[in-house]
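In what follows, a structure is listed as structure tokens, so that the remarks can point back to it.
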Amino acid sequence: MTRTTLSRRQFITTSLTAAGGFALGIGIAGEGSAATLSARPWNDDTTRYPGEINAWVVVQPDDTVIIRYGRAEMGQGSFTALPQILAEELECDWNLVKPEYASANRNLRENKVYGSLSTGGSRAVRETGEMVQQAGASARARLIQAAANRWNVPASECSAAMSKVTHGPSGRTFRFGELATDAAAIKLDKEPPLKKPDQYRFIGRRLARLDVPLKINGSAKYGIDLDVPGMVSAAIIKCPVFGGTVKSVDESAITGRRGVLQVVKLNNAVAVVADRYFRALAALRSLPIEWEVGAAGSTNSVQFRKDYVAALDQKGAVARHDGNVDAAMAGAAKVIEATYDVPIITHAPMEPLNAIAHVQADRVDVWVGTQNADQALAFAAQASGVKPENVYVHNTFSGGGFGRRLGPDEVAQAVAISKVVGKPVKLVWTREEEMRQGRYRTQAAIRFKAGFAADGTAIALDMRNSAGSSNPGAVKDGLDPQTMQGLINTAYKLPNYRIISILRNTHVPLGPWRAPGHSQNVFFMESFVDEMAYAVGKDPLAFRRELLADRGDFQQVMDLLAEKGNWGEPMPAGKGRGVAVHESYDSVVGMIAEVSVTSGDVKVERVVIACDCGTVVNPRGVENQLEGGMIYGLSAALFGEVTVKDGRIEQGNFDTYPVVRMKDAPKTEVYISPTPGKRWGGIGEPGATMIQPAVTNAIFAATGKRLRSLPIRGQDLTKGA
Amino acid sequence: MVNIKVNGVAHQLDVEGDTPLLWVLREEVGLTGTKFGCGIAQCGACTVHVNGQAMRSCSVPVSSVDGAEITTIEGLSADSKHPVQQAWLTEQVPQCGYCQSGQIMATVAYLKTNPNPTDADIDANLTNICRCGTYERLRRAVHRAAALMRT
């Protein structure tokens with residue numbers, strides 16, 4: 001994973017692109033906040049305020065501080081966390097902060113001034129954090145310099161706090177709003193250094209999220225809620241067999257229906273456009289469509305599963321090989337082996353995909369809740385034929401993303417339809433469309449073999465993994481780094497360690513599912529490591545400690561986990577505890593799940609989570625993401641399975657693709673124990689992975705039944721294996 | 001023609017009788033706080049009150065509520081001061097927030113029938129889906145709201 005950081009030089013020069021004015025806020029307030037987020041928080045793309053100090057910070061004459069947010073808000077809270085980081089350096093009054101989305105159009109025209117707007121890989125804070133720190137520090141230094149110039153004193157005699165610059169010796173002050181225009185024109189000789197973590201006064205606070213007030217009264221605008229003048233609505237169905245095309249449409253079946261304006265045939269989909277969405281949808285459901293499905297129309301996922309497991313015996317690419325696994329296995333006192341597999345799963349965010357597109361001859365506007373505004377812009381440009389410089393993406397709140405909103409298929413469709421219709425079009429997918437036109441988490445299988453010395457020490461681990469690539473373009477030498485996540489970069493130390501990857505794709509389109517790669521590989525690895533512990537009669541947590549002996553951060557997390565999670569304390573019959581630990585996205589996380597198994601039914605009663613994600617920006621955010629990620633992964637563990645029959649996805653809604661509800665949700669506790677001075681790690685995804693093996697390991701502890709595939713639902717838990 | 005009162009305001013609507021109440025609220029009345037999540041009454045994102053009772057509006061034909069009084073999230077309070085909203089704010093429940101209008105409306109209706117629910121009551125009676133997984137906070141917020149409403 002690369003880090004993108006903007007050079008200090010770029011901040012020195014960005015003021016030149018501003019209209020000449022500028023303003024900065026600085027200051028720090030309490031945990032409650034008057035800072036506000038608009039229900040429609042997108043940038044208008046064109047206005048340049050005189051108080052724009054750099055692309056990230058504008059201070060208005062009334063001291064309001066606009067802070068640009070260069071990622072997407074889909075529920076993870078970084079619309080609060082990133083401005084919180086910037087405000088720390090800026091020294092502005094938090095009550096005056098008004099965050100808004102960074103403009104994707106400007107990001108394109110100004111050479112990625114905001115870095116990547118893509119919001120995946122738990123990257124928002126991890127990768128943009130330092131950029132906004134520097135942006136805040138730079139703006140502060142220039143405000144101070146502007147004040148020093150006016151007073152004709154050295155800047156070193158001035159300081160900033162709470163949106164004011166004060167001259168120490170005389171006690172004189174200027175408000176940021178009075179200095180912003182001057183500050184925007186100031187060029188620094190060199191960018192100021194960033195604060196050290198022990199100097200933070202604002203980072204680390206349990207600030208209330210800025211979006212919550214908008215989300216308890218229905219006022220937050222998601223893409224699906226917007227209305228633009230002259231807009232019509234569209235419902236769509238894409239060929240249910242991936243890769244298929246439209247053969248014929250009998251438009252006469254809906255001719256004359258109230259409100260219906262047009263049937264739009266795309267190559268692989270049919271849309272009905274009407275004055276209202278409900279009319280478009282009702283008409284679409286009455287529209288006879290024949291599809292050209294090709295050979296994929298006879299495939300099914302029962303066969304896929306056999307194929308993935310059979311592929312484990314095929315030749316693959318060596319992803320990693322430490323030591324000499326074959327020699328170590330030959331000399332091992334004990335060898336164990338097991339095969340695991342997982343099914344296809346889908347994202348099912350609460351808000352079905354949707355987008356509004358308005359295609360004009362020389363300009364395209366798109367309103368969409370997207371995880372990747374850069375790519376939405378690119379998709380819109382491509383689908384419209386309009387130059388990217390003339391495409392404007394107005395990002396909205398998203399009703400969940402989890403990876404699905406990274407590949408903006410809905411944007412390309414809405415643009416294509418608007419181009420045909422010549423009006424702004426709001427396209428809304430049904431839940432069925434969302435489940436049947438996903439970018440799914442791959443099916444995958446793995447065969448493990450572990451070798452032990454006579455004293456029970458693990459000496460070798462051998463893996464053959466078969467999975468699909470969600471990005472075939474990234475495959476090099478038969479390897480897709482994403483499918484190897486969680487295996488190739490394991491923290492476990494074994495002298496002999498080998499992974500062989502056998503890539504295998506079907507016609508089912510794949511995409512990143514919260515913690516891609518890790519999502520299946522952590523289940524595999526943490527289940528088999530559990531098996532290894534039992535195979536040599538060791539406690540599963542103690543066994544992990546041995547394999548992580550050189551990792552102080554892991555040991556610290558495991559100490560906390562064991563203490564809070566009552567590890568080792570006896571449990572009644574039918575109940576058990578399972579543990580899993582893993583490092584991903586620069587964070588070390590451990591979980592203990594407590595389950596009860598009664599008459600074959602499992603109930604996850606309690607989950608304890610411990611984490612070291614380094615410097616914590618907002619503990620509330622960390623807790624929320626670990627709790628929520630855990631529930632997301634629990635849905636996959638308990639219920640998650642998408643099946644293919646006749647080339648198409650069988651599930652279509654929450655009745656056939658069940659997810660965790662309140663009754664399934666365990667009591668959850670989160671404990672944070674950061675390594676002092678460690679940089680911030682990502683926290684949006686790790687929770688989704690460890691819960692899966694923690695639960696199946698707990699089931700083993702309770703019943704002696706080892707689950708080697710998911711979901712748990714439908715598997716016989718009444719007898720040990 | 002269908003007559004409904006939404007958040008105290010009367011509306012006479014020229015709309016097909018089989019149109020789901022959800023879409024009438026969103027597209028005819030113009031209140032978008034009530035969300036479309038599944039269309040088959042599975043997820044509860046579209047929960048509103050019909051004559052005081054919680055209903056999943058995606059599966060309620062508007063003709064069946066002719067003459068009814070409907071309350072949506074926008075009509076729950078003028079200033080977000082309803083105890084359930086306040087509890088949601090204090091517990092910082094929402095993540096993406098898309099399901100929360102429905103969660104709040106379901107909770108308001110449920111607490112009228114059971115002002116002092118146990119965890120087991122909450123688990124059995126509040127069945128809306130949240131994909132962000134805010135259940136831990138939801139449970140806490142329901143207890144907090146119940147306590148606020150009892151005082």
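Residues are named by chain letter and number: chains run A, B, ... in the order of the structure tokens, numbers start at 1 in each chain, and ligands are numbered from 1 in the order shown.
For Arg431 in chain A, the residues within 8 Å (counting only C-alpha atoms, excluding itself and residues fewer than 2 positions away along the chain) are A:Pro352, A:Trp429, A:Glu433, A:Glu434, A:Met435, A:Gly652, A:Asn653, B:Gly37, B:Cys38, B:Gly39.
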Using only C-alpha atoms, tabulate the residues of chain A lying at most 7 Å from any atom of chain B, each with its closest atom pair and that distance in Å to one decimal, by chain and increasing residue number, as JSON lines.
{"residue": "A:Met74", "atom": "CA", "partner": "B:Cys96", "partner_atom": "CA", "distance": 5.2}
{"residue": "A:Gly75", "atom": "CA", "partner": "B:Cys96", "partner_atom": "CA", "distance": 3.4}
{"residue": "A:Gln76", "atom": "CA", "partner": "B:Gln95", "partner_atom": "CA", "distance": 6.1}
{"residue": "A:Gly77", "atom": "CA", "partner": "B:Gln95", "partner_atom": "CA", "distance": 6.9}
{"residue": "A:Val212", "atom": "CA", "partner": "B:Pro94", "partner_atom": "CA", "distance": 6.2}
{"residue": "A:Pro213", "atom": "CA", "partner": "B:Leu89", "partner_atom": "CA", "distance": 6.8}
{"residue": "A:Lys215", "atom": "CA", "partner": "B:Gly97", "partner_atom": "CA", "distance": 5.3}
{"residue": "A:Ile216", "atom": "CA", "partner": "B:Gln85", "partner_atom": "CA", "distance": 5.8}
{"residue": "A:Asn217", "atom": "CA", "partner": "B:Ile73", "partner_atom": "CA", "distance": 5.8}
{"residue": "A:Gly218", "atom": "CA", "partner": "B:Gly33", "partner_atom": "CA", "distance": 3.8}
{"residue": "A:Ser219", "atom": "CA", "partner": "B:Gly33", "partner_atom": "CA", "distance": 6.3}
{"residue": "A:Asp225", "atom": "CA", "partner": "B:Thr32", "partner_atom": "CA", "distance": 5.6}
{"residue": "A:Arg276", "atom": "CA", "partner": "B:Glu27", "partner_atom": "CA", "distance": 6.9}
{"residue": "A:Phe278", "atom": "CA", "partner": "B:Trp23", "partner_atom": "CA", "distance": 6.3}
{"residue": "A:Pro349", "atom": "CA", "partner": "B:Arg131", "partner_atom": "CA", "distance": 6.2}
{"residue": "A:Met350", "atom": "CA", "partner": "B:Gly37", "partner_atom": "CA", "distance": 5.6}
{"residue": "A:Glu351", "atom": "CA", "partner": "B:Gly37", "partner_atom": "CA", "distance": 5.9}
{"residue": "A:Pro352", "atom": "CA", "partner": "B:Gly37", "partner_atom": "CA", "distance": 6.6}
{"residue": "A:Ser398", "atom": "CA", "partner": "B:Cys96", "partner_atom": "CA", "distance": 6.5}
{"residue": "A:Gly399", "atom": "CA", "partner": "B:Tyr98", "partner_atom": "CA", "distance": 4.9}
{"residue": "A:Gly400", "atom": "CA", "partner": "B:Cys96", "partner_atom": "CA", "distance": 5.5}
{"residue": "A:Arg431", "atom": "CA", "partner": "B:Cys38", "partner_atom": "CA", "distance": 5.2}
{"residue": "A:Glu627", "atom": "CA", "partner": "B:Gly133", "partner_atom": "CA", "distance": 6.9}
{"residue": "A:Gly628", "atom": "CA", "partner": "B:Gly133", "partner_atom": "CA", "distance": 4.2}
{"residue": "A:Ile631", "atom": "CA", "partner": "B:Gly133", "partner_atom": "CA", "distance": 5.1}
{"residue": "A:Tyr632", "atom": "CA", "partner": "B:Gly133", "partner_atom": "CA", "distance": 6.3}
{"residue": "A:Asn653", "atom": "CA", "partner": "B:Cys38", "partner_atom": "CA", "distance": 6.6}
{"residue": "A:Phe654", "atom": "CA", "partner": "B:Gln42", "partner_atom": "CA", "distance": 6.2}
{"residue": "A:Asp655", "atom": "CA", "partner": "B:Gln42", "partner_atom": "CA", "distance": 6.7}
{"residue": "A:Arg661", "atom": "CA", "partner": "B:Ile129", "partner_atom": "CA", "distance": 5.5}
{"residue": "A:Met662", "atom": "CA", "partner": "B:Asp123", "partner_atom": "CA", "distance": 5.2}
{"residue": "A:Lys663", "atom": "CA", "partner": "B:Asp123", "partner_atom": "CA", "distance": 4.3}
{"residue": "A:Ala665", "atom": "CA", "partner": "B:Tyr135", "partner_atom": "CA", "distance": 6.5}
{"residue": "A:Lys667", "atom": "CA", "partner": "B:Glu136", "partner_atom": "CA", "distance": 6.6}
{"residue": "A:Thr668", "atom": "CA", "partner": "B:Glu136", "partner_atom": "CA", "distance": 6.6}
Please write the residues from the selection above to a file, keeping N, CA and C atoms, as a CSV table (one decimal), in the first residue's frame.
chain,number,residue,atom,x,y,z
A,74,MET,N,-19.4,7.6,3.9
A,74,MET,CA,-20.4,6.5,3.7
A,74,MET,C,-20.9,5.9,5.0
A,75,GLY,N,-20.5,6.6,6.1
A,75,GLY,CA,-20.9,6.2,7.4
A,75,GLY,C,-19.7,6.0,8.3
A,76,GLN,N,-18.5,6.1,7.8
A,76,GLN,CA,-17.3,5.8,8.6
A,76,GLN,C,-16.9,6.9,9.5
A,77,GLY,N,-17.4,8.1,9.2
A,77,GLY,CA,-17.1,9.2,10.1
A,77,GLY,C,-15.9,10.1,9.8
A,212,VAL,N,-24.2,13.5,12.4
A,212,VAL,CA,-25.3,12.9,13.1
A,212,VAL,C,-26.6,13.8,13.3
A,213,PRO,N,-26.4,15.1,13.5
A,213,PRO,CA,-27.7,15.9,13.6
A,213,PRO,C,-28.5,15.8,12.3
A,215,LYS,N,-28.8,13.2,10.5
A,215,LYS,CA,-29.2,11.8,10.2
A,215,LYS,C,-30.2,11.3,11.3
A,216,ILE,N,-30.7,12.2,12.1
A,216,ILE,CA,-31.7,11.9,13.1
A,216,ILE,C,-33.1,12.6,12.8
A,217,ASN,N,-33.1,13.4,11.7
A,217,ASN,CA,-34.3,14.1,11.4
A,217,ASN,C,-34.6,14.0,9.9
A,218,GLY,N,-33.9,13.2,9.2
A,218,GLY,CA,-34.3,13.0,7.8
A,218,GLY,C,-33.7,14.0,6.8
A,219,SER,N,-32.9,14.9,7.4
A,219,SER,CA,-32.5,16.1,6.5
A,219,SER,C,-31.3,15.8,5.6
A,225,ASP,N,-32.1,11.0,-2.8
A,225,ASP,CA,-33.1,12.1,-2.3
A,225,ASP,C,-33.1,13.3,-3.1
A,276,ARG,N,-42.2,9.8,-12.8
A,276,ARG,CA,-41.9,9.5,-11.4
A,276,ARG,C,-41.2,8.1,-11.4
A,278,PHE,N,-41.7,5.6,-9.3
A,278,PHE,CA,-42.6,4.5,-9.1
A,278,PHE,C,-43.3,4.1,-10.4
A,349,PRO,N,-25.4,-2.6,0.6
A,349,PRO,CA,-25.5,-1.4,1.4
A,349,PRO,C,-27.0,-1.0,1.5
A,350,MET,N,-27.4,-0.3,2.5
A,350,MET,CA,-28.8,0.1,2.8
A,350,MET,C,-29.4,0.9,1.6
A,351,GLU,N,-28.6,1.8,1.1
A,351,GLU,CA,-29.1,2.6,0.0
A,351,GLU,C,-28.8,1.9,-1.4
A,352,PRO,N,-29.8,1.5,-2.1
A,352,PRO,CA,-29.5,0.9,-3.4
A,352,PRO,C,-28.8,1.9,-4.3
A,398,SER,N,-23.6,8.9,1.4
A,398,SER,CA,-23.9,7.5,0.9
A,398,SER,C,-24.5,6.7,1.9
A,399,GLY,N,-25.6,5.9,1.5
A,399,GLY,CA,-26.2,5.0,2.5
A,399,GLY,C,-25.4,3.7,2.5
A,400,GLY,N,-24.1,3.8,2.9
A,400,GLY,CA,-23.3,2.6,3.0
A,400,GLY,C,-22.5,2.4,1.7
A,431,ARG,N,-33.5,-3.1,-5.0
A,431,ARG,CA,-32.7,-4.0,-4.2
A,431,ARG,C,-32.3,-5.2,-5.0
A,627,GLU,N,-17.0,-1.9,15.9
A,627,GLU,CA,-18.3,-2.5,16.2
A,627,GLU,C,-19.1,-2.8,14.9
A,628,GLY,N,-19.1,-1.8,14.0
A,628,GLY,CA,-19.9,-1.9,12.8
A,628,GLY,C,-19.3,-2.9,11.8
A,631,ILE,N,-20.0,-6.4,12.9
A,631,ILE,CA,-21.4,-6.8,12.6
A,631,ILE,C,-21.5,-7.2,11.1
A,632,TYR,N,-20.8,-6.4,10.3
A,632,TYR,CA,-20.8,-6.6,8.8
A,632,TYR,C,-20.2,-8.0,8.5
A,653,ASN,N,-33.0,-10.2,-2.4
A,653,ASN,CA,-33.4,-9.3,-1.4
A,653,ASN,C,-33.1,-9.8,0.0
A,654,PHE,N,-33.4,-9.1,1.1
A,654,PHE,CA,-33.0,-9.5,2.4
A,654,PHE,C,-33.8,-10.8,2.9
A,655,ASP,N,-34.8,-11.2,2.2
A,655,ASP,CA,-35.5,-12.5,2.6
A,655,ASP,C,-34.6,-13.7,2.2
A,661,ARG,N,-29.6,-8.8,12.3
A,661,ARG,CA,-30.5,-7.8,12.8
A,661,ARG,C,-30.2,-7.7,14.3
A,662,MET,N,-31.0,-6.9,15.0
A,662,MET,CA,-30.8,-6.7,16.4
A,662,MET,C,-30.7,-8.0,17.2
A,663,LYS,N,-31.5,-9.0,16.9
A,663,LYS,CA,-31.6,-10.2,17.7
A,663,LYS,C,-30.3,-11.0,17.5
A,665,ALA,N,-27.3,-9.6,17.1
A,665,ALA,CA,-26.1,-8.7,17.4
A,665,ALA,C,-25.6,-8.9,18.8
A,667,LYS,N,-23.5,-8.5,22.4
A,667,LYS,CA,-23.0,-7.4,23.2
A,667,LYS,C,-21.6,-7.2,22.8
A,668,THR,N,-21.2,-5.9,22.6
A,668,THR,CA,-19.9,-5.7,22.1
A,668,THR,C,-19.1,-4.7,22.9
For a quick check of understanding, using only C-alpha atoms, which of A:Pro686, A:Gly223, A:Gly578, A:Gly590 has the smallest distance to His518 in chain A? A:Pro686
Between A:Ile609, A:Ala184, A:Asn496, A:Lys603, which one has atoms that come closest to Ala562 in chain A, using only C-alpha atoms? A:Ile609
For the strand (DSSP E) assignment from backbone DSSP, which residues of range 29-145 of chain B qualify? Please present them as a ChimeraX atom specification. /B:47-50,53-56,69-71
Could you dump the residues just selected with N, CA and C atoms as a compact mmCIF listing (two decimals), in the first residue's frame?
# COMPACT_ATOMS: atom_id res chain seq x y z
N THR B 47 -40.01 2.93 7.40
CA THR B 47 -41.02 2.93 8.46
C THR B 47 -41.58 4.33 8.73
N VAL B 48 -42.92 4.43 8.70
CA VAL B 48 -43.61 5.67 9.08
C VAL B 48 -44.75 5.27 10.03
N HIS B 49 -45.41 6.27 10.58
CA HIS B 49 -46.57 5.98 11.42
C HIS B 49 -47.84 6.25 10.62
N VAL B 50 -48.72 5.26 10.59
CA VAL B 50 -50.04 5.43 9.97
C VAL B 50 -51.05 5.36 11.11
N GLN B 53 -49.44 4.02 14.16
CA GLN B 53 -48.83 2.69 14.14
C GLN B 53 -47.68 2.61 13.15
N ALA B 54 -46.62 1.93 13.54
CA ALA B 54 -45.48 1.80 12.63
C ALA B 54 -45.83 0.89 11.46
N MET B 55 -45.57 1.36 10.25
CA MET B 55 -45.80 0.53 9.07
C MET B 55 -44.64 0.71 8.11
N ARG B 56 -44.35 -0.35 7.36
CA ARG B 56 -43.28 -0.29 6.36
C ARG B 56 -43.90 0.18 5.05
N GLU B 69 -53.86 9.55 8.89
CA GLU B 69 -52.85 10.53 9.33
C GLU B 69 -51.50 9.83 9.36
N ILE B 70 -50.58 10.39 8.62
CA ILE B 70 -49.25 9.80 8.48
C ILE B 70 -48.25 10.71 9.19
N THR B 71 -47.34 10.09 9.91
CA THR B 71 -46.21 10.87 10.46
C THR B 71 -44.93 10.30 9.90
Atom pair CA of Asp189 in chain A + CA of Ala135 in chain A, distance 15.2 Å
As a PDB file with C-alpha atoms, in the first residue's frame, please: the residues near Leu226 in chain A (cut-off 12 Å, only C-alpha atoms, same-chain neighbours under 2 positions excluded).
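The resulting file, around.pdb, is reproduced below:
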ATOM      1  CA  ALA A  39     -27.237  18.399   4.284  1.00  0.00           C
ATOM      2  CA  ARG A  40     -25.884  18.996   0.764  1.00  0.00           C
ATOM      3  CA  SER A 219     -32.510  16.059   6.483  1.00  0.00           C
ATOM      4  CA  ALA A 220     -29.231  14.521   5.248  1.00  0.00           C
ATOM      5  CA  LYS A 221     -29.426  14.244   1.479  1.00  0.00           C
ATOM      6  CA  TYR A 222     -28.337  10.979  -0.060  1.00  0.00           C
ATOM      7  CA  GLY A 223     -28.075  10.669  -3.832  1.00  0.00           C
ATOM      8  CA  ILE A 224     -31.474   9.031  -3.966  1.00  0.00           C
ATOM      9  CA  VAL A 228     -32.837  18.727  -9.974  1.00  0.00           C
ATOM     10  CA  PRO A 229     -34.949  20.960 -12.228  1.00  0.00           C
ATOM     11  CA  MET A 231     -35.446  15.798 -13.909  1.00  0.00           C
ATOM     12  CA  VAL A 232     -37.099  12.535 -14.970  1.00  0.00           C
ATOM     13  CA  SER A 233     -36.679   9.138 -13.318  1.00  0.00           C
ATOM     14  CA  ASN A 354     -28.493   5.435  -7.785  1.00  0.00           C
ATOM     15  CA  ALA A 355     -27.248   8.503  -9.611  1.00  0.00           C
ATOM     16  CA  ILE A 356     -28.576  11.616 -11.256  1.00  0.00           C
ATOM     17  CA  ALA A 357     -26.911  12.585 -14.508  1.00  0.00           C
ATOM     18  CA  VAL A 366     -23.593  13.944 -11.821  1.00  0.00           C
ATOM     19  CA  TRP A 367     -25.077  13.823  -8.347  1.00  0.00           C
ATOM     20  CA  VAL A 368     -24.169  10.580  -6.640  1.00  0.00           C
ATOM     21  CA  GLY A 369     -23.088   9.138  -3.344  1.00  0.00           C
ATOM     22  CA  HIS A 394     -21.463  16.375  -6.794  1.00  0.00           C
ATOM     23  CA  ASN A 395     -20.800  13.811  -4.094  1.00  0.00           C
ATOM     24  CA  THR A 396     -23.554  13.266  -1.548  1.00  0.00           C
ATOM     25  CA  PHE A 397     -23.889  11.247   1.628  1.00  0.00           C
ATOM     26  CA  PRO A 424     -31.451  15.178 -16.223  1.00  0.00           C
ATOM     27  CA  VAL A 425     -32.209  11.561 -15.248  1.00  0.00           C
ATOM     28  CA  LYS A 426     -32.371  10.046 -11.796  1.00  0.00           C
ATOM     29  CA  LEU A 427     -31.578   6.347 -12.036  1.00  0.00           C
ATOM     30  CA  VAL A 428     -32.448   4.169  -9.046  1.00  0.00           C
TER      31      VAL A 428
ATOM     32  CA  ARG B  26     -40.997  10.781  -1.444  1.00  0.00           C
ATOM     33  CA  GLU B  27     -42.073  11.812  -4.920  1.00  0.00           C
ATOM     34  CA  GLY B  30     -41.598  15.613  -1.398  1.00  0.00           C
ATOM     35  CA  LEU B  31     -40.466  14.221   1.947  1.00  0.00           C
ATOM     36  CA  THR B  32     -37.301  12.192   1.395  1.00  0.00           C
ATOM     37  CA  GLY B  33     -36.390  11.388   4.991  1.00  0.00           C
TER      38      GLY B  33
END
Among the residues of range 199-309 of chain A, find those DSSP assigns to helix (DSSP H, G or I) from the backbone and print them as a VMD selection string. chain A and resid 199 212 to 215 223 to 225 251 to 254 277 to 285 294 to 298 301 to 309
Skip Gly129 in chain A itself and residues of its chain fewer than 5 positions away, then list as a PyMOL selection string all residues within 10 Å of it, counting only C-alpha atoms. chain A and resi 5+81-86+123-124+134-135+617+679-680
Written selection (C-alpha atoms) as a PDB file, in the first residue's frame:
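Done, and the output landed in part-v9.pdb:
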ATOM      1  CA  THR A   5       1.603  12.711   0.445  1.00  0.00           C
ATOM      2  CA  ALA A  81     -12.127  12.959  11.606  1.00  0.00           C
ATOM      3  CA  LEU A  82     -10.193  14.610   8.771  1.00  0.00           C
ATOM      4  CA  PRO A  83     -11.394  18.153   9.573  1.00  0.00           C
ATOM      5  CA  GLN A  84     -10.523  17.361  13.200  1.00  0.00           C
ATOM      6  CA  ILE A  85      -6.961  16.612  12.115  1.00  0.00           C
ATOM      7  CA  LEU A  86      -6.714  19.768  10.047  1.00  0.00           C
ATOM      8  CA  ARG A 123      -7.328   4.986   3.693  1.00  0.00           C
ATOM      9  CA  ALA A 124      -9.161   8.203   4.568  1.00  0.00           C
ATOM     10  CA  GLN A 134       0.293  20.028   6.452  1.00  0.00           C
ATOM     11  CA  ALA A 135      -2.505  22.051   4.877  1.00  0.00           C
ATOM     12  CA  VAL A 617      -8.006  10.722  15.981  1.00  0.00           C
ATOM     13  CA  ARG A 679       1.175   6.574  13.103  1.00  0.00           C
ATOM     14  CA  TRP A 680      -2.558   6.194  12.679  1.00  0.00           C
TER      15      TRP A 680
END
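The gap separating CA of Pro509 in chain A from CA of Pro472 in chain A is 10.7 Å, in Å to one decimal.
With CA of Val260 in chain A on one side and CA of Cys58 in chain B on the other, the separation reads 20.8 Å.
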